[in-house]
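Visitor: Just dropping this structure here.
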Amino acid sequence: MHTFARRLHSDQHSSEGDQTTQQTKGLVLDQGWRYDLTVTLADLLLFRGQRRAMQWRTIALANLRPGERALDVGCGTGTLALAVQRRVGASGYVAGIDPAARQIASARAKAARRRLPIDFRIGVIERLPFDDGSFDVAFSTLMMHHLPAPLKRQGLAEIARTLKPDGRLVIADFARKQDRQGRATRFHAGGSDMAALAALVAEAGFSQIEIEELRPRRFSSFPGASILTARKG
Ligand SMILES: C[S@@+](CC[C@H](N)C(=O)[O-])C[C@H]1O[C@@H](n2cnc3c(N)ncnc32)[C@H](O)[C@@H]1O
């Protein structure tokens with residue numbers, strides 16, 4: 001299982017239809033439906049549902065209201081954005097960006113099957129394709145550890161630019177490898193130093209920064225995770 005999951009972290013550049021994966025210094029995952037299959041199996045067999053619980057907690061911490069505008073940066077195959085769209089309803093607007101053509105194709109297919117009008121685009125955190133002050137909330141889940149340090153700083157400034165004054169930021173990421181214990185040390189994916197990330201978030205112009213820790217359950221390989229919340233300004 002871990003070997004299968006590790007294969008997903010290859011830096012691939014594909015095309016899907018007339019769309020091509022966008023270049024970035026971040027680590028791109030470009031596996032489409034195979035990503036969802038792996039995530040589902042890993043959550044069922046290794047994490048005892050904690051990854052899904054992390055997603056629901058991430059959404060809950062955003063305090064979404066009907067009619068709000070939300071952005072998911074590094075949206076992958078769009079699972080979080082689908083749930084967010086249900087919260088903001090028909091009067092709201094949800095966008096998701098990811099550099100990977102196959103992830104965006106999968107996300108669009110999932111949204112079309114559910115008849116949810118989500119604006120999924122190929123894009124990168126380096127240059128978010130949205131005007132200043134476009135969003136009430138910005139999400140990033142399990143994405144920050146895919147970026148080298150200078151790109152985290154640049155990306156957080158971009159997110160701040162696209163948020164409205166007082167806009168909310170919600171970032172979830174796995175615990176760093178060196179902070180994991182027991183079975184979780186075997187899980188391949190990287191994680192974030194949340195204290196260091198909080199410093200970058202403050203530097204990008206956010207305040208009211210809080211971090212909630214999700215600890216692994218007994219007999220789970222879930223690596224532990226934290227969810228950071230903050231407000232612009
Ligand atoms: C582990 S996946 C998480 C996907 C999704 N947010 C989730 O929670 O399942 C990390 C994602 O970050 C994306 N990514 C890598 N570099 C990026 C960049 N420069 N801008 C935006 N997303 C990027 C990858 O393509 C990948 O889909």
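How things are named: the first chain in the structure tokens is A, the next is B, and so on; residues count from 1 in each chain; ligands count from 1 in the order shown.
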Could you list, as number ranges by chain, every residue within 12 Å of region 108-113 of chain A, counting only C-alpha atoms and ignoring same-chain residues fewer than 2 positions away?

Guide: A: 16, 32-33, 36, 75-86, 94-98, 101-106, 115-122

Visitor: Would you output that residue set with C-alpha atoms, as a CSV table (one decimal), in the first residue's frame?

Guide:
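Printed below is part.csv as written:
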chain,number,residue,atom,x,y,z
A,16,GLU,CA,-5.8,15.9,-20.7
A,32,GLY,CA,-6.7,11.7,-11.7
A,33,TRP,CA,-9.0,8.9,-10.5
A,36,ASP,CA,-9.0,9.2,-5.3
A,75,CYS,CA,-7.4,21.3,-5.1
A,76,GLY,CA,-6.3,18.0,-6.6
A,77,THR,CA,-9.3,16.0,-7.7
A,78,GLY,CA,-11.7,18.5,-6.1
A,79,THR,CA,-13.2,16.5,-3.2
A,80,LEU,CA,-13.0,19.4,-0.7
A,81,ALA,CA,-14.4,21.9,-3.2
A,82,LEU,CA,-17.4,19.7,-3.8
A,83,ALA,CA,-18.2,19.7,-0.1
A,84,VAL,CA,-17.6,23.4,0.1
A,85,GLN,CA,-20.0,24.1,-2.8
A,86,ARG,CA,-22.7,22.4,-0.9
A,94,VAL,CA,-16.4,27.9,-5.5
A,95,ALA,CA,-13.1,27.7,-7.5
A,96,GLY,CA,-10.3,25.2,-7.4
A,97,ILE,CA,-6.9,25.4,-9.0
A,98,ASP,CA,-4.2,22.8,-9.4
A,101,ALA,CA,-4.3,18.4,-16.0
A,102,ARG,CA,-5.5,15.0,-14.9
A,103,GLN,CA,-6.5,16.1,-11.4
A,104,ILE,CA,-8.5,19.0,-12.8
A,105,ALA,CA,-10.2,16.7,-15.4
A,106,SER,CA,-11.2,14.4,-12.6
A,115,ARG,CA,-24.4,18.9,-11.1
A,116,LEU,CA,-22.3,21.3,-9.0
A,117,PRO,CA,-21.1,24.5,-10.8
A,118,ILE,CA,-17.5,24.6,-9.5
A,119,ASP,CA,-14.9,26.6,-11.4
A,120,PHE,CA,-12.0,24.1,-11.6
A,121,ARG,CA,-9.0,25.5,-13.5
A,122,ILE,CA,-5.4,24.5,-14.2

Visitor: Quick one: residues within 6 Å of ligand 1, with only C-alpha atoms and all ligand atoms, as a list in words?

Guide: Thr24, Gly26, Leu27, Val28, Leu29, Val73, Gly74, Cys75, Gly76, Asp98, Pro99, Ala100, Val124, Ile125, Glu126, Thr141, Leu142, Met143 and His146 of chain A

Visitor: So that I can check the surroundings of Phe47 (chain A), please list as a list in words every protein, DNA and RNA residue that reaches within 8 Å of it, counting only C-alpha atoms and ignoring chain neighbours fewer than 3 positions away.

Guide: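 My reading of the contact set: Ala42, Asp43, Leu44, Gln50, Arg51, Ser220, Ser221 and Phe222 of chain A.
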
Visitor: Those residues with N, CA and C atoms, as a PDB file, in the first residue's frame please?

Guide:
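After the write, out_18.pdb holds the following:
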ATOM      1  N   ALA A  42      -6.298   4.205   1.451  1.00  0.00           N
ATOM      2  CA  ALA A  42      -5.400   4.539   2.561  1.00  0.00           C
ATOM      3  C   ALA A  42      -6.210   4.946   3.787  1.00  0.00           C
ATOM      4  N   ASP A  43      -7.265   5.721   3.569  1.00  0.00           N
ATOM      5  CA  ASP A  43      -8.063   6.177   4.713  1.00  0.00           C
ATOM      6  C   ASP A  43      -8.769   5.002   5.387  1.00  0.00           C
ATOM      7  N   LEU A  44      -9.245   4.072   4.532  1.00  0.00           N
ATOM      8  CA  LEU A  44      -9.965   2.906   5.058  1.00  0.00           C
ATOM      9  C   LEU A  44      -9.016   1.950   5.789  1.00  0.00           C
ATOM     10  N   GLN A  50      -9.360   8.921   9.542  1.00  0.00           N
ATOM     11  CA  GLN A  50      -8.925  10.226  10.064  1.00  0.00           C
ATOM     12  C   GLN A  50      -8.683  11.269   8.981  1.00  0.00           C
ATOM     13  N   ARG A  51      -8.375  10.830   7.759  1.00  0.00           N
ATOM     14  CA  ARG A  51      -8.178  11.813   6.694  1.00  0.00           C
ATOM     15  C   ARG A  51      -9.512  12.484   6.351  1.00  0.00           C
ATOM     16  N   SER A 220      -3.549   3.437  14.253  1.00  0.00           N
ATOM     17  CA  SER A 220      -3.742   4.102  12.969  1.00  0.00           C
ATOM     18  C   SER A 220      -2.382   4.545  12.438  1.00  0.00           C
ATOM     19  N   SER A 221      -2.224   4.503  11.102  1.00  0.00           N
ATOM     20  CA  SER A 221      -0.987   5.023  10.503  1.00  0.00           C
ATOM     21  C   SER A 221      -1.125   6.485  10.105  1.00  0.00           C
ATOM     22  N   PHE A 222      -2.235   7.101  10.469  1.00  0.00           N
ATOM     23  CA  PHE A 222      -2.428   8.532  10.174  1.00  0.00           C
ATOM     24  C   PHE A 222      -1.257   9.313  10.779  1.00  0.00           C
TER      25      PHE A 222
END

Visitor: With 7 Å as the cut-off and only C-alpha atoms counted, what is the closest atom pair between each nearby residue of region 113-138 of chain A and region 160-176 of chain A? Distances in Å to one decimal, ordered by chain and number, as a tab-separated table.

Guide:
residue	atom	partner	partner_atom	distance
A:Phe130	CA	A:Thr162	CA	6.5
A:Asp131	CA	A:Thr162	CA	6.1
A:Asp132	CA	A:Thr162	CA	4.4
A:Gly133	CA	A:Lys164	CA	4.0
A:Ser134	CA	A:Thr162	CA	5.3
A:Phe135	CA	A:Leu163	CA	4.7
A:Asp136	CA	A:Gly167	CA	4.7
A:Val137	CA	A:Arg168	CA	4.6
A:Ala138	CA	A:Leu169	CA	5.0

Visitor: Give me a file of those residues, with N, CA and C atoms, as a PDB file, in the first residue's frame.

Guide:
ATOM      1  N   PHE A 130      -7.094  35.022 -10.442  1.00  0.00           N
ATOM      2  CA  PHE A 130      -8.278  35.699  -9.908  1.00  0.00           C
ATOM      3  C   PHE A 130      -7.903  37.125  -9.515  1.00  0.00           C
ATOM      4  N   ASP A 131      -8.924  38.008  -9.566  1.00  0.00           N
ATOM      5  CA  ASP A 131      -8.704  39.414  -9.205  1.00  0.00           C
ATOM      6  C   ASP A 131      -8.458  39.573  -7.706  1.00  0.00           C
ATOM      7  N   ASP A 132      -7.903  40.715  -7.350  1.00  0.00           N
ATOM      8  CA  ASP A 132      -7.720  41.050  -5.932  1.00  0.00           C
ATOM      9  C   ASP A 132      -9.082  41.015  -5.234  1.00  0.00           C
ATOM     10  N   GLY A 133      -9.087  40.538  -3.997  1.00  0.00           N
ATOM     11  CA  GLY A 133     -10.301  40.608  -3.175  1.00  0.00           C
ATOM     12  C   GLY A 133     -11.465  39.800  -3.702  1.00  0.00           C
ATOM     13  N   SER A 134     -11.188  38.653  -4.331  1.00  0.00           N
ATOM     14  CA  SER A 134     -12.272  37.868  -4.950  1.00  0.00           C
ATOM     15  C   SER A 134     -12.992  36.931  -3.978  1.00  0.00           C
ATOM     16  N   PHE A 135     -12.336  36.545  -2.874  1.00  0.00           N
ATOM     17  CA  PHE A 135     -12.861  35.423  -2.077  1.00  0.00           C
ATOM     18  C   PHE A 135     -13.049  35.786  -0.597  1.00  0.00           C
ATOM     19  N   ASP A 136     -14.065  35.125  -0.001  1.00  0.00           N
ATOM     20  CA  ASP A 136     -14.266  35.223   1.451  1.00  0.00           C
ATOM     21  C   ASP A 136     -13.363  34.240   2.189  1.00  0.00           C
ATOM     22  N   VAL A 137     -13.110  33.087   1.574  1.00  0.00           N
ATOM     23  CA  VAL A 137     -12.354  32.013   2.235  1.00  0.00           C
ATOM     24  C   VAL A 137     -11.395  31.384   1.230  1.00  0.00           C
ATOM     25  N   ALA A 138     -10.176  31.068   1.693  1.00  0.00           N
ATOM     26  CA  ALA A 138      -9.240  30.273   0.878  1.00  0.00           C
ATOM     27  C   ALA A 138      -8.816  29.045   1.664  1.00  0.00           C
TER      28      ALA A 138
END

Visitor: Report as a ChimeraX atom specification: the residues of region 13-231 of chain A with a DSSP assignment of strand (DSSP E), based on the backbone of this structure.

Guide: /A:15-16,19-20,69-73,93-98,119-122,135-141,163-174,206-214,225-231

Visitor: Please provide as an MDAnalysis selection string all residues within 10 Å of Arg153 (chain A), with the sequence filter that same-chain residues fewer than 2 positions apart are discarded (counting only C-alpha atoms).

Guide: chainID A and resid 126 147:151 155:158 197 199:201 203:204

Visitor: Could you tell me which of A:Gly224, A:Thr40, A:Ile211, A:Gln154 comes closest to Thr185 (chain A) if we count only C-alpha atoms?

Guide: A:Gly224

Visitor: Any idea what the distance is between CA of Thr58 (chain A) and CA of Gln22 (chain A)?

Guide: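 Separating CA of Thr58 (chain A) from CA of Gln22 (chain A) is a distance of 26.8 Å.
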
Visitor: Just how far from CA of Gln31 (chain A) is CA of Arg215 (chain A), in Å to one decimal?

Guide: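 About the pair CA of Arg215 (chain A) and CA of Gln31 (chain A): they are 28.2 Å apart.
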
Visitor: Taking the DSSP secondary structure from the backbone, can you list the residues of region 19-213 of chain A that are helix (DSSP H, G or I), as a PyMOL selection string?

Guide: chain A and resi 33-45+50-61+79-88+101-113+144-146+149-162+177-179+182-186+194-203
